[in-house]
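Participant: File follows, coords03.txt with compact mmCIF, C-alpha atoms:
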```
# COMPACT_ATOMS: atom_id res chain seq x y z
CA MET A 187 -5.27 101.43 15.26
CA ARG A 188 -8.21 99.07 15.27
CA ILE A 189 -7.76 95.36 14.62
CA THR A 190 -10.86 93.21 14.19
CA THR A 191 -10.68 89.49 14.78
CA ASN A 192 -12.63 87.17 12.56
CA VAL A 193 -14.48 84.83 14.89
CA ARG A 194 -18.22 84.93 14.38
CA GLN A 195 -20.46 85.22 17.44
CA VAL A 196 -24.08 84.35 16.70
CA GLY A 197 -27.29 83.59 18.47
CA LEU A 198 -29.97 81.28 17.16
CA GLY A 199 -31.46 84.22 15.28
CA ALA A 200 -29.59 86.81 13.27
CA VAL A 201 -25.91 86.86 12.43
CA VAL A 202 -24.01 90.04 11.61
CA ALA A 203 -21.40 89.78 8.87
CA ILE A 204 -18.73 92.31 7.95
CA CYS A 205 -17.65 92.09 4.32
CA LEU A 206 -14.62 93.28 2.43
CA CYS A 207 -14.14 93.46 -1.31
CA ALA A 208 -11.10 92.00 -3.00
CA GLY A 209 -8.69 94.35 -4.66
CA GLY A 210 -5.79 93.93 -7.01
CA ARG A 211 -5.20 91.01 -9.34
CA VAL A 212 -3.35 87.87 -8.32
CA GLU A 213 -3.47 84.33 -9.55
CA ALA A 214 -6.02 81.97 -8.02
CA ASN A 215 -5.11 78.29 -7.76
CA PRO A 216 -7.97 75.73 -7.80
CA LYS A 217 -5.55 72.86 -7.15
CA VAL A 218 -4.27 74.47 -3.96
CA TYR A 219 -7.86 75.05 -2.87
CA GLN A 220 -8.80 71.40 -3.33
CA GLN A 221 -5.63 70.26 -1.58
CA THR A 222 -6.18 72.58 1.39
CA LEU A 223 -9.91 71.89 1.58
CA ARG A 224 -9.38 68.27 2.62
CA SER A 225 -7.59 69.54 5.73
CA THR A 226 -9.92 72.40 6.72
CA GLY A 227 -12.71 72.20 9.28
CA TRP A 228 -15.69 74.25 10.41
CA ILE A 229 -15.39 74.75 14.17
CA ILE A 230 -18.35 75.52 16.43
CA VAL A 231 -17.99 76.50 20.08
CA PRO A 232 -21.33 76.06 21.88
CA LYS A 233 -21.73 78.38 24.84
CA ASP A 234 -24.29 78.71 27.58
CA GLY A 235 -26.94 81.18 26.53
CA GLU A 236 -27.74 82.28 22.98
CA ASN A 237 -24.25 83.16 21.75
CA THR A 238 -22.19 80.54 19.98
CA ALA A 239 -18.80 81.11 18.32
CA PHE A 240 -17.90 79.92 14.84
CA GLY A 241 -14.63 79.84 12.98
CA THR A 242 -12.25 77.68 11.00
CA CYS A 243 -9.59 75.12 11.89
CA TRP A 244 -7.15 72.82 10.10
CA LEU A 245 -5.65 69.39 10.74
CA ALA A 246 -2.04 69.54 11.91
CA ASN A 247 -1.48 65.91 12.97
CA ARG A 248 -3.70 63.01 11.90
CA GLU A 249 -2.14 60.35 14.14
CA GLN A 250 -2.71 62.46 17.26
CA ARG A 251 -5.97 63.94 15.87
CA LEU A 252 -4.80 67.53 16.41
CA VAL A 253 -6.31 70.64 14.82
CA VAL A 254 -5.26 74.28 15.11
CA THR A 255 -7.47 77.35 15.34
CA CYS A 256 -7.31 80.80 16.96
CA HIS A 257 -7.49 81.36 20.68
CA HIS A 258 -10.15 84.04 20.23
CA VAL A 259 -12.38 81.42 18.59
CA VAL A 260 -12.38 79.08 21.60
CA THR A 261 -11.67 81.70 24.34
CA ASP A 262 -12.15 79.85 27.66
CA ALA A 263 -14.17 76.91 26.29
CA ALA A 264 -13.05 73.36 27.11
CA GLU A 265 -14.83 71.64 24.21
CA VAL A 266 -15.68 72.31 20.57
CA LEU A 267 -17.53 70.69 17.68
CA VAL A 268 -15.89 70.24 14.27
CA TYR A 269 -17.17 69.34 10.80
CA PHE A 270 -14.93 68.50 7.84
CA PRO A 271 -15.99 68.76 4.16
CA HIS A 272 -18.53 66.14 3.12
CA THR A 273 -18.83 64.91 -0.46
CA VAL A 274 -22.05 63.89 -2.22
CA GLU A 275 -21.82 62.41 -5.71
CA GLY A 276 -18.25 63.64 -6.06
CA GLU A 277 -18.97 67.25 -5.08
CA VAL A 278 -18.18 68.91 -1.76
CA VAL A 279 -21.32 70.19 -0.06
CA SER A 280 -21.07 73.85 0.98
CA GLU A 281 -24.46 74.34 2.69
CA SER A 282 -24.04 74.55 6.47
CA GLY A 283 -27.50 73.08 7.05
CA HIS A 284 -26.42 69.83 5.39
CA TYR A 285 -23.74 69.30 8.03
CA LEU A 286 -26.00 70.14 10.97
CA ARG A 287 -28.78 67.83 9.76
CA LYS A 288 -26.92 64.96 8.14
CA VAL A 289 -23.31 64.78 9.43
CA ALA A 290 -22.26 63.76 12.93
CA ALA A 291 -20.28 66.50 14.68
CA ILE A 292 -16.81 65.55 15.94
CA ASN A 293 -16.18 66.44 19.57
CA GLY A 294 -12.87 68.10 20.34
CA GLU A 295 -11.05 68.92 23.58
CA VAL A 296 -9.05 72.14 23.89
CA LEU A 297 -5.54 71.02 24.89
CA ALA A 298 -3.52 74.22 24.85
CA VAL A 299 -3.91 77.92 24.10
CA ASP A 300 -1.50 80.81 23.61
CA ALA A 301 -3.31 84.13 23.94
CA ALA A 302 -0.35 86.20 22.78
CA ARG A 303 0.02 84.17 19.58
CA ASP A 304 -3.79 83.82 19.37
CA LEU A 305 -3.49 80.07 18.77
CA ALA A 306 -5.27 77.04 20.20
CA LEU A 307 -4.63 73.30 19.87
CA ILE A 308 -7.53 70.85 19.91
CA ARG A 309 -7.61 67.06 20.05
CA LEU A 310 -10.53 65.49 18.18
CA GLN A 311 -12.35 62.30 19.14
CA SER A 312 -11.82 61.06 15.56
CA VAL A 313 -10.73 62.14 12.09
CA PRO A 314 -12.82 61.11 9.05
CA PRO A 315 -11.24 59.14 6.18
CA GLY A 316 -9.72 61.31 3.47
CA ILE A 317 -8.89 64.23 5.79
CA GLU A 318 -5.15 64.87 5.59
CA PRO A 319 -2.85 67.11 7.68
CA LEU A 320 -1.20 70.23 6.32
CA GLN A 321 2.57 70.64 6.42
CA LEU A 322 4.25 73.78 7.70
CA ALA A 323 6.32 75.82 5.26
CA PRO A 324 10.06 75.86 6.08
CA ARG A 325 10.16 79.68 6.19
CA SER A 326 8.00 82.76 6.39
CA ALA A 327 6.37 83.98 3.20
CA ARG A 328 8.04 86.97 1.55
CA PRO A 329 6.57 90.19 0.16
CA GLY A 330 5.01 89.69 -3.26
CA GLU A 331 4.42 85.95 -2.84
CA VAL A 332 0.90 84.63 -3.43
CA VAL A 333 -1.00 83.03 -0.56
CA HIS A 334 -4.32 81.19 -0.38
CA SER A 335 -6.78 80.56 2.45
CA ILE A 336 -10.10 78.87 3.24
CA GLY A 337 -12.64 80.01 5.82
CA ASN A 338 -16.28 79.89 6.88
CA PRO A 339 -17.59 83.49 6.93
CA ASP A 340 -21.01 83.16 5.28
CA LEU A 341 -23.42 82.52 8.19
CA ASP A 342 -25.31 85.81 8.20
CA ARG A 343 -28.55 84.03 7.20
CA GLY A 344 -28.44 81.75 10.24
CA LEU A 345 -26.96 78.46 11.36
CA LYS A 346 -28.69 76.30 8.79
CA GLU A 347 -28.77 78.76 5.89
CA GLY A 348 -25.09 79.64 5.44
CA SER A 349 -22.28 78.44 3.17
CA LEU A 350 -18.90 76.99 4.04
CA TRP A 351 -15.42 76.52 2.54
CA TRP A 352 -14.88 79.99 1.01
CA TYR A 353 -11.63 80.52 -0.88
CA THR A 354 -9.50 83.68 -0.76
CA TRP A 355 -6.16 84.54 -2.31
CA GLY A 356 -3.85 87.52 -2.28
CA THR A 357 -0.25 88.67 -1.94
CA VAL A 358 2.06 89.11 1.02
CA ARG A 359 2.78 92.68 2.05
CA GLN A 360 5.25 91.95 4.84
CA SER A 361 6.24 89.59 7.66
CA TYR A 362 7.11 91.46 10.85
CA ARG A 363 7.09 91.35 14.64
CA HIS A 364 4.38 93.16 16.55
CA PRO A 365 4.37 93.88 20.31
CA VAL A 366 1.56 92.13 22.20
CA GLU A 367 0.70 92.93 25.81
CA THR A 368 0.56 89.89 28.12
CA PRO A 369 0.20 89.49 31.91
CA SER A 370 3.93 88.74 32.08
CA GLY A 371 4.98 91.66 29.89
CA VAL A 372 5.28 92.54 26.22
CA ARG A 373 5.92 89.76 23.68
CA ARG A 374 6.89 90.36 20.08
CA VAL A 375 4.76 88.08 17.91
CA ARG A 376 5.53 87.58 14.23
CA TYR A 377 2.62 88.44 11.92
CA LEU A 378 2.14 87.90 8.20
CA GLU A 379 0.31 90.83 6.59
CA THR A 380 -1.42 90.16 3.28
CA GLN A 381 -3.78 91.74 0.80
CA SER A 382 -6.17 88.79 1.14
CA PRO A 383 -9.62 90.00 2.20
CA VAL A 384 -11.08 88.05 5.13
CA ASN A 385 -14.31 88.22 7.11
CA GLN A 386 -15.72 87.16 10.44
CA GLY A 387 -15.76 83.37 10.56
CA ASP A 388 -12.43 83.00 8.71
CA SER A 389 -10.42 83.05 11.96
CA GLY A 390 -8.25 80.01 12.56
CA GLY A 391 -8.19 78.99 8.92
CA PRO A 392 -4.99 77.94 7.13
CA VAL A 393 -3.05 80.40 4.97
CA VAL A 394 -0.92 78.40 2.50
CA ASP A 395 1.63 78.99 -0.24
CA ASP A 396 1.49 77.70 -3.83
CA GLN A 397 2.68 74.29 -2.61
CA GLY A 398 -0.16 74.03 -0.09
CA ARG A 399 2.13 74.47 2.92
CA VAL A 400 0.98 76.53 5.89
CA VAL A 401 2.58 79.98 6.05
CA GLY A 402 0.12 81.44 8.54
CA VAL A 403 -3.20 81.24 10.39
CA THR A 404 -5.96 83.76 9.67
CA HIS A 405 -6.16 86.13 12.62
CA ALA A 406 -7.78 89.51 11.85
CA TYR A 407 -8.41 92.23 9.33
CA ARG A 408 -7.25 95.82 9.74
CA ALA A 409 -10.21 98.17 9.98
CA ASP A 410 -7.91 101.17 9.55
CA ARG A 411 -6.36 99.91 6.30
CA ARG A 412 -8.01 98.84 3.05
CA LEU A 413 -7.88 95.16 2.09
CA VAL A 414 -5.26 94.29 4.69
CA SER A 415 -5.37 91.10 6.74
CA GLU A 416 -3.18 89.96 9.59
CA ASN A 417 -2.21 86.34 10.07
CA ILE A 418 -0.13 84.51 12.66
CA ASP A 419 3.17 83.70 10.93
CA VAL A 420 4.29 80.09 10.46
CA GLU A 421 7.27 80.73 12.72
CA GLU A 422 4.88 81.27 15.64
CA VAL A 423 2.70 78.33 14.60
CA GLY A 424 5.67 75.96 14.58
CA ALA A 425 6.89 77.14 17.97
CA PHE A 426 3.40 76.80 19.46
CA LEU A 427 2.91 73.27 18.12
CA LYS A 428 6.33 72.13 19.31
CA SER A 429 5.62 73.39 22.81
CA ALA A 430 2.02 72.15 23.04
CA ILE A 431 2.59 68.67 21.58
CA SER A 432 5.71 68.03 23.68
CA GLU A 433 3.77 68.35 26.95
CA LYS A 434 3.40 64.91 28.55
CA GLY A 435 0.76 63.35 30.71
CA ARG A 436 -2.33 64.65 28.93
CA LYS A 437 -5.40 62.53 29.59
CA GLU A 438 -8.14 62.21 27.02
CA ARG A 439 -11.51 63.31 28.25
CA GLN A 440 -14.70 61.76 26.93
CA PRO A 441 -17.50 64.14 25.91
CA GLY A 442 -20.12 64.53 28.62
CA LEU A 443 -22.88 62.91 26.57
CA VAL A 444 -22.19 59.97 24.27
CA GLY A 445 -24.60 57.87 22.24
CA GLY A 446 -26.49 54.77 23.28
CA TRP A 447 -28.81 56.15 25.98
CA GLN A 448 -32.30 57.39 26.65
CA LEU A 449 -33.75 60.38 28.48
CA LYS A 450 -36.97 60.45 30.40
CA ALA A 451 -38.16 63.98 31.05
CA ASP A 452 -40.65 64.98 33.71
CA GLY A 453 -41.16 68.64 34.47
CA GLY A 454 -43.92 68.09 36.98
CA GLU A 455 -47.45 69.41 37.01
CA GLU A 456 -46.51 72.98 36.10
CA ALA A 457 -44.07 72.16 33.30
CA ASP A 458 -45.25 71.53 29.78
CA ILE A 459 -42.48 69.08 28.93
CA GLU A 460 -42.71 65.34 29.31
CA GLY A 461 -41.61 62.42 27.19
CA THR A 462 -38.75 60.12 26.24
CA ALA A 463 -35.83 60.71 23.90
CA GLU A 464 -33.48 58.10 22.47
CA PHE A 465 -29.95 59.24 21.63
CA ARG A 466 -27.93 56.93 19.41
CA SER A 467 -24.18 56.58 18.99
CA ASP A 468 -24.38 57.74 15.34
CA GLY A 469 -25.38 61.22 16.55
CA THR A 470 -29.12 60.94 15.87
CA PHE A 471 -32.05 61.19 18.26
CA THR A 472 -35.78 60.48 18.36
CA LEU A 473 -38.08 62.44 20.69
CA SER A 474 -41.49 61.02 21.60
CA ALA A 475 -44.53 63.27 21.97
CA GLY A 476 -45.01 64.80 25.42
CA LYS A 477 -47.78 66.98 26.83
CA SER A 478 -47.70 69.44 23.95
CA GLU A 479 -44.54 68.34 22.10
CA HIS A 480 -44.80 66.76 18.71
CA GLY A 481 -42.51 63.81 18.14
CA ARG A 482 -39.45 64.64 16.10
CA GLU A 483 -36.07 63.31 15.11
CA GLY A 484 -32.77 64.74 14.05
CA ARG A 485 -29.16 65.09 15.16
CA TYR A 486 -27.71 66.09 18.49
CA ALA A 487 -24.36 67.48 19.63
CA TYR A 488 -23.01 68.31 23.08
CA ALA A 489 -20.15 70.52 24.28
CA ASN A 490 -19.49 72.90 27.20
CA GLY A 491 -22.70 71.92 28.95
CA VAL A 492 -24.82 72.81 25.89
CA LEU A 493 -26.99 70.22 24.13
CA TRP A 494 -28.08 70.92 20.54
CA LEU A 495 -31.16 69.24 19.09
CA ILE A 496 -31.16 69.80 15.33
CA SER A 497 -34.09 68.77 13.13
CA ASP A 498 -35.40 69.83 9.74
CA LYS A 499 -37.69 72.39 11.37
CA SER A 500 -35.69 73.74 14.30
CA CYS A 501 -32.37 74.06 16.09
CA THR A 502 -32.87 73.98 19.87
CA THR A 503 -30.10 74.80 22.34
CA LEU A 504 -30.46 73.49 25.90
CA GLY A 505 -28.16 74.38 28.80
CA LEU A 506 -27.65 71.29 30.99
CA ALA A 507 -26.45 71.09 34.58
CA TRP A 508 -25.28 67.75 35.98
CA GLU A 509 -27.03 66.75 39.20
CA GLY A 510 -25.38 63.34 39.44
CA ASP A 511 -23.70 60.73 37.27
CA ASP A 512 -26.92 59.95 35.42
CA ARG A 513 -29.13 62.93 36.13
CA PHE A 514 -29.09 66.49 34.82
CA ALA A 515 -31.45 69.42 34.39
CA PHE A 516 -32.00 72.50 32.24
CA ARG A 517 -30.22 75.57 33.56
CA SER A 518 -32.23 78.73 34.18
CA VAL A 519 -35.57 77.03 33.68
CA GLU A 520 -38.47 77.43 36.10
CA PRO A 521 -39.95 75.11 37.15
CA ARG A 522 -36.86 72.92 37.05
CA ILE A 523 -37.02 70.15 34.45
CA THR A 524 -34.86 67.12 35.17
CA PHE A 525 -33.74 64.20 33.03
CA ASP A 526 -32.80 60.71 34.13
CA ARG A 527 -30.35 59.14 31.72
CA LYS A 528 -30.57 55.39 31.11
CA LEU A 529 -27.60 53.96 29.27
CA GLY A 530 -28.20 51.20 26.77
CA LYS A 531 -25.86 48.33 25.99
CA PRO A 532 -23.15 47.92 24.83
CA GLN A 533 -22.24 51.49 25.81
CA LYS A 534 -20.30 51.98 29.07
CA ASP A 535 -21.60 54.35 31.67
CA ARG A 536 -20.04 57.81 31.90
CA LYS A 537 -18.02 57.17 35.05
CA ALA A 538 -16.54 53.90 33.71
CA ALA A 539 -15.62 55.57 30.41
CA LEU A 540 -13.80 58.34 32.26
CA ARG A 541 -11.93 55.86 34.47
CA GLU A 542 -10.90 53.82 31.45
CA SER A 543 -9.58 56.90 29.59
CA GLU A 544 -7.59 58.00 32.67
CA GLU A 545 -5.98 54.55 33.02
CA LYS A 546 -4.78 54.73 29.42
```
Using C-alpha cells, write down the structure from this file.
Facilitator:
Amino acid sequence: MRITTNVRQVGLGAVVAICLCAGGRVEANPKVYQQTLRSTGWIIVPKDGENTAFGTCWLANREQRLVVTCHHVVTDAAEVLVYFPHTVEGEVVSESGHYLRKVAAINGEVLAVDAARDLALIRLQSVPPGIEPLQLAPRSARPGEVVHSIGNPDLDRGLKEGSLWWYTWGTVRQSYRHPVETPSGVRRVRYLETQSPVNQGDSGGPVVDDQGRVVGVTHAYRADRRLVSENIDVEEVGAFLKSAISEKGRKERQPGLVGGWQLKADGGEEADIEGTAEFRSDGTFTLSAGKSEHGREGRYAYANGVLWLISDKSCTTLGLAWEGDDRFAFRSVEPRITFDRKLGKPQKDRKAALRESEEK
C-alpha cells in the first residue's frame, strides 16, 4: 500500500505536481466554499537551502490566533508564513504572485505537533479582519455524505505563477481506525476516506460538511486506489486541539526579523555585494545600488533563518546566521558577507522585544 501526502516541496525553480481527475457526480456547494474560504490560509514553510514546503491551513481559534495544518507540512520547522484570501474590488484574488508581491506575510510559531495524527498547531502573530474560525462537527461524517475542501495545489509554474484557493467536493466512503507506528508503539488513528480528489499542496486544508463544519483535515491520497483521499477525522482533530490548547506556560516568540530597521552590507574587497537596505514594519523593503546591484524594492518575509526578498522581477532566498544581537551573515557564502542591523525608532530592539514577550 502506498500513501502519498499532499505537502508540496519546491525550489525556486520548477515544481512537480501530481494531478488526479474527479470521478462520480456529487453536488457542489458555492455557499460552503465561500464560507470556508474566509477561514483558509496558504502556509509556506521556508527552509534553509532551495527547498520550501507549501500547504494549506485553517483558523481554529481567532482569539488565540491558532491555525491547524498537517505535521508533514511543517515537519521540524519552528516558524511558518501564512497568507489568507485577499479581496480586490469584491473578488478574491487567486494568483499566488499577488500575495507574495502585495500582501504582508503573517509569521506563525509552531506550538504543538502530533506525528501520529499528522497534525500541527500554529499561533499567528495576527489575524486579518474578516477571517473567521471554523467550528468542528459534533460527529464523524458517515458514508454517502457530501464533503467539501479547499487547498493550494496549483504551484507547478513556480512561486509567483500559481493559483490558490482550489475547491474540491466528493462523498464519504468510510470513517475507520488505522494503525500508525510510533516510537512508543502502535496507535490507532481515525481516518475519513472520501472520493474527493486531492493533490500536493492540499495538505492541512479543512474538509467540511454541508453546514461548513470541519469533519476532517486533508492528509493524503491513495496511490493504490482510484480517486480515494485520506483525511484526519474530526474526532482526532478535536482531541489534538483539546490537548494542545490546554498546555499552560507557552511563551510567545517574536519573529527573528521585524520591521523598522536598516541593513548595511559589506562583503569586502572580494565580494560583489555592498549597499544599504531599509526594511519597514509593513513588510516592504528598499535596496540601494551596490557594486553591481541595481536598486530595487519589494516585500520581505523571514522564518526559520531564511530571509525572502520578493520583487516584481525576482524572488531571492537568503540563509542568515546570527553572529550577535544585531549582526548576521549569509550561510554557505564565500567570502563571508555580514550585515549590521540598525534599528529605527519607535521599534524596540530584538533582545528587548523578547524580554517583554517572556514577561507577559
Participant: Could you list, with a cut-off of 7 Å and counting all atoms listed in the file, the residues of segment 276-375 of chain A near segment 486-503 of chain A, each shown with its nearest atom pair and the distance in Å rounded to one decimal, rows sorted by chain and ascending number, as a tab-separated table?
Facilitator:
```
residue	atom	partner	partner_atom	distance
A:Leu286	CA	A:Ile496	CA	6.8
A:Arg287	CA	A:Ser497	CA	6.4
A:Ala291	CA	A:Ala487	CA	6.5
```
Participant: Please, what distance in Å, to one decimal, runs between atom CA of Trp351 of chain A and atom CA of Ala246 of chain A?
Facilitator: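 Between these atoms lies a distance of 17.8 Å.
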Participant: A:His257, A:Asn215, A:Arg399, A:Thr357: which is nearest Leu297 of chain A, counting only C-alpha atoms?
Facilitator: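 Distance minimum relative to Leu297 of chain A lands on A:His257.
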Participant: I'd like the neighbourhood of segment 396-398 of chain A as number ranges by chain, where a residue qualifies if any of its atoms comes within 9 Å (using only C-alpha atoms), though same-chain residues fewer than 4 positions away should be ignored.
Facilitator: A: 215, 217-219, 221-222, 320-323, 331-334
Participant: Could you check the closest approach to Ser467 of chain A for each of A:Pro339, A:Lys346, A:Val375, A:Ala290 and tell me which residue wins, using all atoms listed in the file?
Facilitator: A:Ala290
Participant: Have a look at A:Lys233, A:Arg482, A:His364, A:Arg303 and name the one nearest to His405 of chain A; count all atoms listed in the file.
Facilitator: A:Arg303
Participant: I need the residue nearest Ser361 of chain A from this list: A:Ala302, A:His272, A:Glu318, A:Glu421. Use all atoms listed in the file for the distance.
Facilitator: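 The shortest atom-to-atom distance to Ser361 of chain A comes from A:Glu421.
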Participant: Which value, in Å to one decimal, gives the distance between atom CA of Val299 of chain A and atom CA of Ala425 of chain A?
Facilitator: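 According to the coordinates, atom CA of Val299 of chain A and atom CA of Ala425 of chain A are separated by 12.4 Å.
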Participant: Atom CA of Leu506 of chain A and atom CA of Ala306 of chain A, how far apart in Å?
Facilitator: 25.5 Å
Participant: Tell me which of A:Ile308, A:Val266, A:Val279, A:Val274 sits closest to Ile431 of chain A, counting all atoms listed in the file.
Facilitator: A:Ile308
Participant: Looking at all atoms listed in the file, which of A:Asp340, A:Asp468, A:Asp304, A:Glu295 is the one that sits closest to Val403 of chain A?
Facilitator: A:Asp304
